[in-house]
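Presented below is the structure to which this report refers.
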Amino acid sequence: MIHPALLILAWLTPLMLVPLFLLAPHRAWKAMPMAALPGLAASLLVPAGSMVEIHSLLLGSRFGLDQISAGFLFFTSLIWALAALHAIGYIRMRHRSFGVYYLLAMTGNFGLVLAQDMISFYLFFALMSFASYGLVIHDRTTEVRRAGTVYIILVVLGEVLIFSGMAGIATIAGTTIFGEIGGEWVTPGMGNVLFGALLLGFGIKAGALPLHVWLPLAHPAAPTPASAVLSGAMIKAGLLGWLRFLPMGEMALPGWGALCTGFGAAALIAAAVYGCFQSQPKALLAYSSISKMGLMTMAVGTVFLYPDFKEAILITIAVYATHHALCKGALFLSVGIRPGDSTPGPRRWLVILLLLIPPLSLADFALTGGALAKYAIKTELAAVISPAAYTNLSLLFTASGLITAALMVRFTWQQLNTAHRPHHTPGRASYLAWGTLTGVVALTPLLLPALYPDSGLSFAMSGASRWSSVWPVALAVGIGAVYARRVRAVISLPPGDILSVFLLLTRPLRVLPKLIVRLATAIRNQCERYMDLVFNSMHNLPILLRHSEANLGRAAVFGLVFLGLLTLTTILLFLSMGVR
Amino acid sequence: MTVNLLYSITGLLIFFMGICGLMFHRSLVRQTLALNIAGAGIFLFLVAQAYKSDTVPPDPVPHGLVLTGIVIGASATALMLFLIGVHQSVSKSSNDEGERGS
Amino acid sequence: MTPYLVIALLVIPIAASFSALLTNHIVRLASRRLAALTIFCCASLVAYEITLSGEVVDIVLSGWQVPLGIRLHVDGLSALLLVMTGFIAACITFFAEAYFGKQAQRGRLAFFWPLWFLAWTALNGLFVSGDAFNLYVTLEIINLAAVAMVALPRTEEAVKAALGYLVIAFLGSLSYLFGVAILYTSLGTLDIQLLAHRAVADGPFILAAVLMLIGLMIKTALFPLHFWLPPAHASAPTPVSALLSGLVVTASAYMIVRFGFTVFAPLLTTPVTMLLGLLGALAVVWGSLHAFMQERVKMVIAYSTIAQLGYVFVVFPIVTINPDSVSLVWYGVLYFMVSHACAKAAAFLAAGTLKKALGHDSIAHIGGAAIHWPMVLMAFGLAGVNLIGLPPSGGFIGKWLMLQGAIKAGQWLIVATLIVGSLLAAAYIFRVLRVALRTPEGPPPQAQNIAPLAALALILAMAPLLLGVFSQFPFALLAVGSPFGGAP
């Protein structure tokens with residue numbers, strides 16, 4: 001009895017807390033982290049394969065857990081709980097609306113992980129997407145509102161794409177239950193359109209390459225705890241959408257597989273490189289997320305290419321997603337935490353040590369969860385693809401590892417650099433939340449094998465490829481250290497700032513962003529010129545519309561319309577009925 | 001039957017004449033009259049259809065319909081004329097205010 | 001028991017109407033609150049008993065048998081619409097009390113209450129009559145009461161809108177009446193079920209059908225006969241706007257669906273349904289574009305009504321192209337109509353509350369409203385969720401069924417229309433919300449206490465969500481006496 005109840009309570013608890021915000025906002029604000037606890041309990045206690053059906057909800061809803069979604073629920077609920085704790089020390093109480101949007105988005109995120117039918121999934125997905133608009137525009141400056149507008153336009157577009165794809169599948173497959181959809185609906189004509197609609201619709205949320213534009217805008221715009229859930233938990237919802245809706249392992253889809261792998265690989269490298277040139281730490285992290293999601297897109301593409309290996313690849317994706325989510329959550333929560341604020345001594349060193357853990361883990365340093373996840377994905381791919389392709393892939397991974405390391409070096413440099421001062425000073429609750437999540441990240445090499453027993457991973461594997469997991473980070477840090485010593489004489493950075501590798505990397509490449517900017521400006525100017533042309537011919541349209549609307553109200557016109565419709569319908573009927 | 005048909009067609013014609021009147025007149029009073037004429041066409045049609053023959057008593061249902069229709073038509077006409085009156089006085093007073101203001 | 005409840009649904013509101021006209025202030029106040037709640041309870045009981053028994057209720061008034069007598073016919077569809085009317089109208093009744101305040105005790109506005117309950121009587125009557133002529137009578141009473149209520153403020157704008165509305169409504173009802181007259185003379189009955197049995201697709205029948213259909217199209221404000229709706233709905237006092245856009249147009253749309261799927265079913269040929277579908281699609285696009293261009297919140301909502309009612313017609317071609325999807329379309333359209341009625345009334349109440357608080361409803365100047373009055377904008381937003389067709393609203397369920405029907409029939413143009421309509425709805429809803437969510441430029445204007453108004457708008461806005469979440473119960477009710485079997 002407790003298990004089905006937990007499956008419902010997981011998403012119902014945050015929803016129930018919303019009215020409390022209207023009645024007792026102070027108490028509700030303090031209770032926000034608790035709202036995620038039933039979800040966490042469900043992910044740990046409910047055995048895989050549980051299912052509960054509510055016939056009276058929507059058109060019949062099902063909620064359940066399997067091994068993969070249990071893992072998703074675990075990191076989702078953990079990040080939401082700790083980000084809520086962080087928010088207590090971060091956002092001033094007068095912003096009551098933040099809590100309401102936060103809880104609604106939380107409800108959506110938990111519900112979609114648990115949903116086992118398309119309509120419930122879509123409901124919670126939409127709830128999450130629209131509620132997080134409120135989180136993004138929290139600060140209400142002009143820049144933030146612009147980011148919010150880009151976000152909401154893409155959200156609406158995504159919703160429409162998903163809705164139409166989903167309706168198509170439901171009609172063709174005759175069911176809305178995930179386990180029963182199968183792959184018959186992917187027919188050459190219509191099926192591919194539906195497939196494309198779903199791939200794009202969820203791709204927007206997952207930050208897949210051409211659709212990622214909202215991410216680097218929305219993340220810096222949103223308050224820190226909101227960015228943490230956006231990048232840690234919510235973009236994984238897009239990934240989960242792919243896994244749930246698209247036919248995984250039903251058949252080989254070489255075209256779609258190649259497309260996903262190609263765009264994934266491009267995102268993996270390009271987003272990370274672009275991220276190196278970001279000055280805002282949150283934008284940098286957003287690009288890193290896009291890059292990592294690229295890797296997961298590649299893995300999804302691999303399932304389409306090699307459907308026989310579905311089970312193993314899916315578990316690997318889940319392992320990778322879990323690690324990335326926790327790590328990215330910790331990284332976002334660390335924005336604004338400065339070791340200089342704490343008193344010198346062991347406490348400051350503890351803060352510095354904790355600040356180093358998530359970047360190292362994200363850069364796949366030995367004995368971290370990152371190394372384990374990378375090991376899993378590499379061995380899986382080695383088993384699946386041809387040796388020649390694997391050599392190319394190793395090269396790609398090495399390159400991405402190096403760039404990620406550089407990205408993290410740059411981020412950590414910004415973190416430790418006291419010159420960079422964010423607006424908000426985090427309170428004690430924020431430190432607690434960040435410290436806890438970082439602790440969880442440090443434990444991921446133990447945690448991931450426990451969460452996904454089917455993956456066959458073990459702690460020892462995180463140290464397996466020691467050399468290959470250490471040298472990129474060592475190289476990035478080392479070059480930075482050497483270079484920083486030279487730089488210090490010129491621009492006199494404060495001591496201890498050995499991590500100014502960013503400067504090293506930008507100098508030879510500084511032309512590149514300029515070139516990109518110039519190119520982008522040229523393209524934009526062209527576009528604007530074209531839009532002007534269109535608008536000039538179109539700006540008469542509203543006048544035309546208003547004019548014709550006014551004319552329709554004249555007695556002569558509506559009388560004519562009445563008589564015309566009368567005659568037309570009668571003639572049509574007489575002709576089509578064959579009445580003499 | 002032919003007499004019956006004649007009345008029915010006349011009713012139809014009157015109905016459409018009323019609608020044409022509605023189209024061609026801009027005065028609201030005339031439009032009201034036009035709609036009443038269209039209504040009269042329908043009543044003519046119904047009453048004519050109720051007649052069977054000289055020996056058989058006529059069907060009472062169409063008569064009931066016509067009576068109800070007349071009541072509703074009269075109410076709508078009354079409301080319309082009242083609103084036209086209000087409209088004239090309201091627009092006159094607003095015009096006056098406009099003139100005084102300018 | 002049920003027959004008495006149905007009769008009570010007609011007797012109580014008319015009694016309340018007279019009581020509002022004749023008695024003193026205290027009695028009036030008590031009687032209208034009591035009446036509103038009692039009608040809602042009676043309607044709910046009727047729905048409950050019909051769901052439970054699974055049988056259609058037929059009442060022959062004073063023992064006169066059909067075809068001479070008058071028959072009341074209450075099936076699942078009627079019962080659902082009665083509950084919907086009861087709920088929406090009760091909410092608006094309480095809203096109107098708070099909205100008009102002491103103004104409605106004397107003077108012109110005192111006529112609001114008798115007219116209001118008269119319209120409610122006629123709405124209930126319309127949903128229970130099983131007779132084409134009674135439908136005409138009730139529809140006429142609704143229209144006359146509505147026109148009078150639109151004109152109540154006696155401003156030039158309102159009187160002009162009322163006159164435009166009356167002329168076109170008069171034309172529509174004459175057209176419908178002529179259709180009924182021809183139908184009676186050729187088939188010899190007015191009872192809908194007998195008509196459905198006796199229908200033969202001959203010349204007079206076709207002429208009758210066309211006249212009735214176009215009369216109803218005028219009242220449902222289908223493009224291009226919609227021009228009267230926005231001025232009338234937007235310039236009326238807010239409770240009247242909510243009644244008009246929520247219930248009155250739904251009543252005539254209900255008649256179209258009722259006749260279209262039963263009596264006129266033999267006439268539904270591909271060219272005719274295509275014409276209806278085309279007009280519906282044009283209504284969706286035209287209404288949405290105009291909604292997007294408006295400068296006042298109430299006008300946005302009024303044009304949105306035109307767009308949303310277009311959906312009812314858009315799906316007609318599916319009926320002839322793929323008869324297997326008829327059941328999907330039938331349930332989809334009805335579900336959509338009911339949720340739209342609640343959402344639209346809620347949207348108008350929210351807009352009216354905003355207007356009361358700010359003194360205007362111009363979109364350009366509502367910046368910060370969401371911060372000052374979050375409840376009002378929440379109600380508007382929830383109504384918007386339904387208008388866009390997002391889950392978990394009833395609008396979503398309705399659109400979902402219609403979309404499935406369209407896909408099953410391979411009608412991609414209809415699918416496209418449904419999707420484009422959603423996108424356009426999102427555009428005009430967010431256009432309002434975006435401005436409202438801006439940082440306020442100053443402290444809120446010193447307004448009257450609008451909390452009760454906002455609360456009522458919010459309660460009404462929750463209804464479509466409940467319809468979406470607990471769809472099982474309305475579907476069970478709709479299945480009673482449905483011509484197309486159980487819910488899909």
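Letters A, B, ... go to the chains of the structure tokens in the order shown; residues in each chain start at 1; ligands are counted from 1 in the same order.
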
Interface residues on chain C facing chain A, 6 Å, only C-alpha atoms, written as a PyMOL selection string: chain C and resi 227+391-392+404+468-472

Write out as a count of residues only every residue belonging to chain B that has an atom at most 7 Å from any atom of chain C, counting only C-alpha atoms. 11

Env of B:Ala78: 12 Å cut, atoms = only C-alpha atoms, seq-sep filter 6 positions within chain, self excluded. Answer as an MDAnalysis selection string. (chainID B and resid 29 32:33 36 70:72 84:85) or (chainID C and resid 144 148 166)

For N, CA and C atoms, I'd like the residues from the last selection saved as a PDB file, in the first residue's frame.
```
ATOM      1  N   VAL B  29     -35.371  52.283 -38.018  1.00  0.00           N
ATOM      2  CA  VAL B  29     -36.821  52.073 -37.965  1.00  0.00           C
ATOM      3  C   VAL B  29     -37.263  51.265 -39.182  1.00  0.00           C
ATOM      4  N   THR B  32     -36.322  47.702 -38.803  1.00  0.00           N
ATOM      5  CA  THR B  32     -37.280  47.008 -37.926  1.00  0.00           C
ATOM      6  C   THR B  32     -38.525  46.597 -38.712  1.00  0.00           C
ATOM      7  N   LEU B  33     -39.036  47.540 -39.509  1.00  0.00           N
ATOM      8  CA  LEU B  33     -40.225  47.239 -40.316  1.00  0.00           C
ATOM      9  C   LEU B  33     -39.932  46.100 -41.276  1.00  0.00           C
ATOM     10  N   ASN B  36     -40.094  42.863 -39.625  1.00  0.00           N
ATOM     11  CA  ASN B  36     -41.484  42.483 -39.342  1.00  0.00           C
ATOM     12  C   ASN B  36     -42.178  41.952 -40.583  1.00  0.00           C
ATOM     13  N   ILE B  70     -45.962  35.749 -33.216  1.00  0.00           N
ATOM     14  CA  ILE B  70     -46.379  37.161 -33.224  1.00  0.00           C
ATOM     15  C   ILE B  70     -46.007  37.819 -31.904  1.00  0.00           C
ATOM     16  N   VAL B  71     -46.246  37.077 -30.798  1.00  0.00           N
ATOM     17  CA  VAL B  71     -45.912  37.650 -29.485  1.00  0.00           C
ATOM     18  C   VAL B  71     -44.425  37.965 -29.412  1.00  0.00           C
ATOM     19  N   ILE B  72     -43.617  36.996 -29.831  1.00  0.00           N
ATOM     20  CA  ILE B  72     -42.162  37.212 -29.753  1.00  0.00           C
ATOM     21  C   ILE B  72     -41.740  38.345 -30.673  1.00  0.00           C
ATOM     22  N   ILE B  84     -33.926  52.229 -30.116  1.00  0.00           N
ATOM     23  CA  ILE B  84     -33.671  53.283 -31.105  1.00  0.00           C
ATOM     24  C   ILE B  84     -33.881  54.644 -30.465  1.00  0.00           C
ATOM     25  N   GLY B  85     -34.964  54.746 -29.661  1.00  0.00           N
ATOM     26  CA  GLY B  85     -35.229  56.002 -28.968  1.00  0.00           C
ATOM     27  C   GLY B  85     -34.086  56.378 -28.034  1.00  0.00           C
TER      28      GLY B  85
ATOM     29  N   LEU C 144     -33.608  38.234 -26.208  1.00  0.00           N
ATOM     30  CA  LEU C 144     -34.225  39.501 -25.804  1.00  0.00           C
ATOM     31  C   LEU C 144     -33.687  39.953 -24.455  1.00  0.00           C
ATOM     32  N   ALA C 148     -31.369  43.351 -23.773  1.00  0.00           N
ATOM     33  CA  ALA C 148     -31.742  44.348 -22.776  1.00  0.00           C
ATOM     34  C   ALA C 148     -30.623  44.548 -21.765  1.00  0.00           C
ATOM     35  N   LEU C 166     -29.354  43.042 -31.703  1.00  0.00           N
ATOM     36  CA  LEU C 166     -30.776  42.712 -31.823  1.00  0.00           C
ATOM     37  C   LEU C 166     -31.173  42.505 -33.280  1.00  0.00           C
TER      38      LEU C 166
END
```

Any idea what's packed within 9 Å of A:Gln415, counting only C-alpha atoms, ignoring anything in its chain fewer than 5 positions away? Could you give it as a ChimeraX atom specification? /A:281,334-339,355,410,420

Export of the given selection (C-alpha atoms) as a PDB file, in the first residue's frame:
```pdb
ATOM      1  CA  PRO A 281      29.848  31.737 -14.933  1.00  0.00           C
ATOM      2  CA  SER A 334      28.390  26.980  -6.088  1.00  0.00           C
ATOM      3  CA  VAL A 335      27.993  30.152  -8.152  1.00  0.00           C
ATOM      4  CA  GLY A 336      28.338  32.987  -5.706  1.00  0.00           C
ATOM      5  CA  ILE A 337      30.149  30.991  -3.049  1.00  0.00           C
ATOM      6  CA  ARG A 338      33.518  32.613  -2.409  1.00  0.00           C
ATOM      7  CA  PRO A 339      36.175  31.124  -0.218  1.00  0.00           C
ATOM      8  CA  LEU A 355      34.649  23.918  -4.766  1.00  0.00           C
ATOM      9  CA  ARG A 410      38.124  28.714 -16.398  1.00  0.00           C
ATOM     10  CA  HIS A 420      34.134  38.625  -9.487  1.00  0.00           C
TER      11      HIS A 420
END
```

For chain B against chain A, which residues fall within 8 Å using only C-alpha atoms, given as an MDAnalysis selection string? chainID B and resid 19:20 22:24 26

Computed gap from atom CA of C:Leu118 to atom CA of B:His63 is 25.8 Å

Compile the contact shell of stretch 258-265 of chain C as number ranges by chain: residues with an atom at most 10 Å away, counting only C-alpha atoms, same-chain residues fewer than 5 positions apart removed. C: 77, 132, 192-201, 205-206, 208-210, 212-213, 252-253, 316, 319-320, 326, 330, 483-484

Selection to disk with C-alpha atoms, as a PDB file, in the first residue's frame:
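The result, stored in selection_38.pdb:
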```
ATOM      1  CA  LEU C  77     -25.808  15.958 -22.814  1.00  0.00           C
ATOM      2  CA  ALA C 132     -37.809  22.404 -32.330  1.00  0.00           C
ATOM      3  CA  ILE C 192     -36.763  16.187 -32.442  1.00  0.00           C
ATOM      4  CA  GLN C 193     -36.787  12.436 -32.085  1.00  0.00           C
ATOM      5  CA  LEU C 194     -39.790  11.995 -34.363  1.00  0.00           C
ATOM      6  CA  LEU C 195     -38.202  14.389 -36.842  1.00  0.00           C
ATOM      7  CA  ALA C 196     -35.045  12.294 -36.846  1.00  0.00           C
ATOM      8  CA  HIS C 197     -37.168   9.225 -37.629  1.00  0.00           C
ATOM      9  CA  ARG C 198     -39.237  10.815 -40.349  1.00  0.00           C
ATOM     10  CA  ALA C 199     -36.451  12.776 -42.056  1.00  0.00           C
ATOM     11  CA  VAL C 200     -36.477  12.304 -45.837  1.00  0.00           C
ATOM     12  CA  ALA C 201     -33.928  14.238 -47.845  1.00  0.00           C
ATOM     13  CA  PHE C 205     -36.443  19.328 -45.874  1.00  0.00           C
ATOM     14  CA  ILE C 206     -33.262  20.706 -47.423  1.00  0.00           C
ATOM     15  CA  ALA C 208     -35.750  23.935 -43.863  1.00  0.00           C
ATOM     16  CA  ALA C 209     -32.374  22.606 -42.790  1.00  0.00           C
ATOM     17  CA  VAL C 210     -30.483  25.383 -44.538  1.00  0.00           C
ATOM     18  CA  MET C 212     -32.417  26.684 -39.536  1.00  0.00           C
ATOM     19  CA  LEU C 213     -28.695  26.081 -39.805  1.00  0.00           C
ATOM     20  CA  SER C 252     -26.909  27.959 -30.033  1.00  0.00           C
ATOM     21  CA  ALA C 253     -23.767  25.897 -30.666  1.00  0.00           C
ATOM     22  CA  PHE C 316     -17.518  18.678 -39.309  1.00  0.00           C
ATOM     23  CA  VAL C 319     -18.047  13.164 -39.949  1.00  0.00           C
ATOM     24  CA  THR C 320     -18.597  12.486 -43.634  1.00  0.00           C
ATOM     25  CA  VAL C 326     -17.971  10.410 -35.483  1.00  0.00           C
ATOM     26  CA  TRP C 330     -19.052  14.216 -30.983  1.00  0.00           C
ATOM     27  CA  PRO C 483     -26.417   8.652 -30.317  1.00  0.00           C
ATOM     28  CA  PHE C 484     -22.877   7.339 -30.712  1.00  0.00           C
TER      29      PHE C 484
END
```

Calculate how many Å separate atom CA of A:Leu7 from atom CA of A:Gly241, rounding to one decimal.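 We find that atom CA of A:Leu7 and atom CA of A:Gly241 lie 18.9 Å from each other.
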
Find the residues near B:Tyr7: any atom within 8 Å, counting only C-alpha atoms, skip ones fewer than 4 places away on the same chain, and give them as a CSV table (one decimal) with N, CA and C atoms, in the first residue's frame.
```csv
chain,number,residue,atom,x,y,z
B,3,VAL,N,-54.0,26.5,-54.5
B,3,VAL,CA,-54.2,27.7,-53.7
B,3,VAL,C,-53.2,27.7,-52.6
B,11,GLY,N,-45.7,33.6,-49.3
B,11,GLY,CA,-45.0,33.8,-48.0
B,11,GLY,C,-43.5,33.8,-48.1
B,44,LEU,N,-47.8,33.9,-42.9
B,44,LEU,CA,-48.6,33.6,-44.0
B,44,LEU,C,-48.4,32.2,-44.5
B,45,PHE,N,-47.2,31.8,-44.6
B,45,PHE,CA,-46.8,30.5,-45.0
B,45,PHE,C,-47.5,29.4,-44.1
B,48,ALA,N,-51.3,29.3,-44.2
B,48,ALA,CA,-51.8,28.7,-45.4
B,48,ALA,C,-51.6,27.2,-45.3
```

So, with only C-alpha atoms as the atoms that count, which of C:Ile388, C:Ala15, C:Val83, C:Ile7 lies closest to C:Ala307?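 Of the candidates, the smallest distance to C:Ala307 is held by C:Ile388.
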
Using only C-alpha atoms for the distances, tell me which of C:Gly389, C:Gly486, C:Pro153, C:Gly395 is nearest to C:Val240.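 Once distances to C:Val240 are computed over only C-alpha atoms, the minimum belongs to C:Pro153.
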
Out of stretch 213-256 of chain C, which residues get helix (DSSP H, G or I) from DSSP, as number ranges by chain? C: 213-220, 229-235, 238-256

Next, write the just-selected residues to a file, as a PDB file, in the first residue's frame, keeping C-alpha atoms as the atom set.
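Result written to out.pdb:
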```pdb
ATOM      1  CA  LEU C 213     -28.695  26.081 -39.805  1.00  0.00           C
ATOM      2  CA  ILE C 214     -27.915  29.582 -41.026  1.00  0.00           C
ATOM      3  CA  GLY C 215     -30.151  31.117 -38.382  1.00  0.00           C
ATOM      4  CA  LEU C 216     -28.195  29.234 -35.749  1.00  0.00           C
ATOM      5  CA  MET C 217     -24.879  30.099 -37.382  1.00  0.00           C
ATOM      6  CA  ILE C 218     -25.743  33.771 -36.944  1.00  0.00           C
ATOM      7  CA  LYS C 219     -26.427  33.235 -33.258  1.00  0.00           C
ATOM      8  CA  THR C 220     -23.247  31.231 -32.828  1.00  0.00           C
ATOM      9  CA  LEU C 229     -20.377  39.649 -31.149  1.00  0.00           C
ATOM     10  CA  PRO C 230     -17.266  41.631 -30.129  1.00  0.00           C
ATOM     11  CA  PRO C 231     -18.964  45.008 -29.553  1.00  0.00           C
ATOM     12  CA  ALA C 232     -21.896  43.419 -27.723  1.00  0.00           C
ATOM     13  CA  HIS C 233     -19.774  41.133 -25.558  1.00  0.00           C
ATOM     14  CA  ALA C 234     -17.081  43.688 -24.795  1.00  0.00           C
ATOM     15  CA  SER C 235     -19.258  46.718 -24.061  1.00  0.00           C
ATOM     16  CA  THR C 238     -18.879  42.264 -17.085  1.00  0.00           C
ATOM     17  CA  PRO C 239     -21.373  39.756 -15.621  1.00  0.00           C
ATOM     18  CA  VAL C 240     -23.391  40.080 -18.842  1.00  0.00           C
ATOM     19  CA  SER C 241     -20.284  39.607 -20.971  1.00  0.00           C
ATOM     20  CA  ALA C 242     -19.552  36.402 -19.109  1.00  0.00           C
ATOM     21  CA  LEU C 243     -23.133  35.208 -19.616  1.00  0.00           C
ATOM     22  CA  LEU C 244     -23.093  36.030 -23.316  1.00  0.00           C
ATOM     23  CA  SER C 245     -19.706  34.556 -24.158  1.00  0.00           C
ATOM     24  CA  GLY C 246     -19.934  31.673 -21.769  1.00  0.00           C
ATOM     25  CA  LEU C 247     -23.515  30.480 -22.049  1.00  0.00           C
ATOM     26  CA  VAL C 248     -25.557  32.190 -24.755  1.00  0.00           C
ATOM     27  CA  VAL C 249     -23.341  31.276 -27.701  1.00  0.00           C
ATOM     28  CA  THR C 250     -22.889  27.819 -26.241  1.00  0.00           C
ATOM     29  CA  ALA C 251     -26.666  27.381 -26.288  1.00  0.00           C
ATOM     30  CA  SER C 252     -26.909  27.959 -30.033  1.00  0.00           C
ATOM     31  CA  ALA C 253     -23.767  25.897 -30.666  1.00  0.00           C
ATOM     32  CA  TYR C 254     -25.467  23.124 -28.707  1.00  0.00           C
ATOM     33  CA  MET C 255     -28.491  23.358 -31.007  1.00  0.00           C
ATOM     34  CA  ILE C 256     -26.265  23.063 -34.063  1.00  0.00           C
TER      35      ILE C 256
END
```

Residue among C:Ile414, C:Leu460, C:Val329, C:Val272 lying closest to C:Leu349, counting only C-alpha atoms: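 That would be C:Leu460, the residue with the smallest distance to C:Leu349.
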
When distances are computed from only C-alpha atoms, which of A:Thr379, A:Ser469, A:Thr261, A:Ser430 shows the smallest separation from A:Ala81?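 Among the listed residues, A:Ser430 lies closest to A:Ala81.
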
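Counting only C-alpha atoms and comparing B:Ser53, B:Leu67, B:Ala74, B:Lys92, the residue that lies closest to B:Thr2 is B:Ser53.
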
Within 9 Å of A:Val136, counting only C-alpha atoms, which residues qualify if same-chain residues fewer than 5 places away don't, as a PDB file with N, CA and C atoms, in the first residue's frame?
```pdb
ATOM      1  N   VAL A 144      16.342  40.157 -18.578  1.00  0.00           N
ATOM      2  CA  VAL A 144      15.727  38.917 -18.120  1.00  0.00           C
ATOM      3  C   VAL A 144      14.437  38.651 -18.890  1.00  0.00           C
ATOM      4  N   ARG A 145      13.662  39.737 -19.106  1.00  0.00           N
ATOM      5  CA  ARG A 145      12.403  39.539 -19.823  1.00  0.00           C
ATOM      6  C   ARG A 145      12.651  39.074 -21.249  1.00  0.00           C
ATOM      7  N   ALA A 147      15.196  37.248 -22.248  1.00  0.00           N
ATOM      8  CA  ALA A 147      15.513  35.829 -22.127  1.00  0.00           C
ATOM      9  C   ALA A 147      14.235  35.024 -21.928  1.00  0.00           C
ATOM     10  N   GLY A 148      13.328  35.558 -21.092  1.00  0.00           N
ATOM     11  CA  GLY A 148      12.066  34.875 -20.842  1.00  0.00           C
ATOM     12  C   GLY A 148      11.239  34.739 -22.104  1.00  0.00           C
ATOM     13  N   TYR A 151      12.576  32.066 -24.209  1.00  0.00           N
ATOM     14  CA  TYR A 151      12.248  30.792 -23.583  1.00  0.00           C
ATOM     15  C   TYR A 151      10.798  30.396 -23.861  1.00  0.00           C
ATOM     16  N   ALA A 218      18.645  31.822 -20.609  1.00  0.00           N
ATOM     17  CA  ALA A 218      17.769  31.658 -19.452  1.00  0.00           C
ATOM     18  C   ALA A 218      18.566  31.376 -18.184  1.00  0.00           C
ATOM     19  N   HIS A 219      19.665  30.627 -18.294  1.00  0.00           N
ATOM     20  CA  HIS A 219      20.388  30.246 -17.079  1.00  0.00           C
ATOM     21  C   HIS A 219      20.959  31.438 -16.331  1.00  0.00           C
ATOM     22  N   PRO A 220      21.675  32.354 -17.014  1.00  0.00           N
ATOM     23  CA  PRO A 220      22.156  33.506 -16.259  1.00  0.00           C
ATOM     24  C   PRO A 220      21.012  34.395 -15.788  1.00  0.00           C
ATOM     25  N   ALA A 221      19.889  34.402 -16.518  1.00  0.00           N
ATOM     26  CA  ALA A 221      18.768  35.264 -16.147  1.00  0.00           C
ATOM     27  C   ALA A 221      18.096  34.786 -14.873  1.00  0.00           C
ATOM     28  N   ALA A 222      17.986  33.478 -14.709  1.00  0.00           N
ATOM     29  CA  ALA A 222      17.237  32.931 -13.578  1.00  0.00           C
ATOM     30  C   ALA A 222      18.051  33.059 -12.301  1.00  0.00           C
ATOM     31  N   PRO A 223      17.362  33.098 -11.134  1.00  0.00           N
ATOM     32  CA  PRO A 223      18.088  33.063  -9.869  1.00  0.00           C
ATOM     33  C   PRO A 223      18.848  31.737  -9.746  1.00  0.00           C
ATOM     34  N   ALA A 226      17.139  28.364  -9.297  1.00  0.00           N
ATOM     35  CA  ALA A 226      16.344  28.013 -10.471  1.00  0.00           C
ATOM     36  C   ALA A 226      17.246  27.513 -11.590  1.00  0.00           C
ATOM     37  N   SER A 227      18.417  28.142 -11.772  1.00  0.00           N
ATOM     38  CA  SER A 227      19.334  27.648 -12.804  1.00  0.00           C
ATOM     39  C   SER A 227      19.762  26.224 -12.496  1.00  0.00           C
TER      40      SER A 227
END
```

Would you mind reading off the distance between atom CA of C:Arg33 and atom CA of C:Tyr48, one decimal, in Å? 22.6 Å
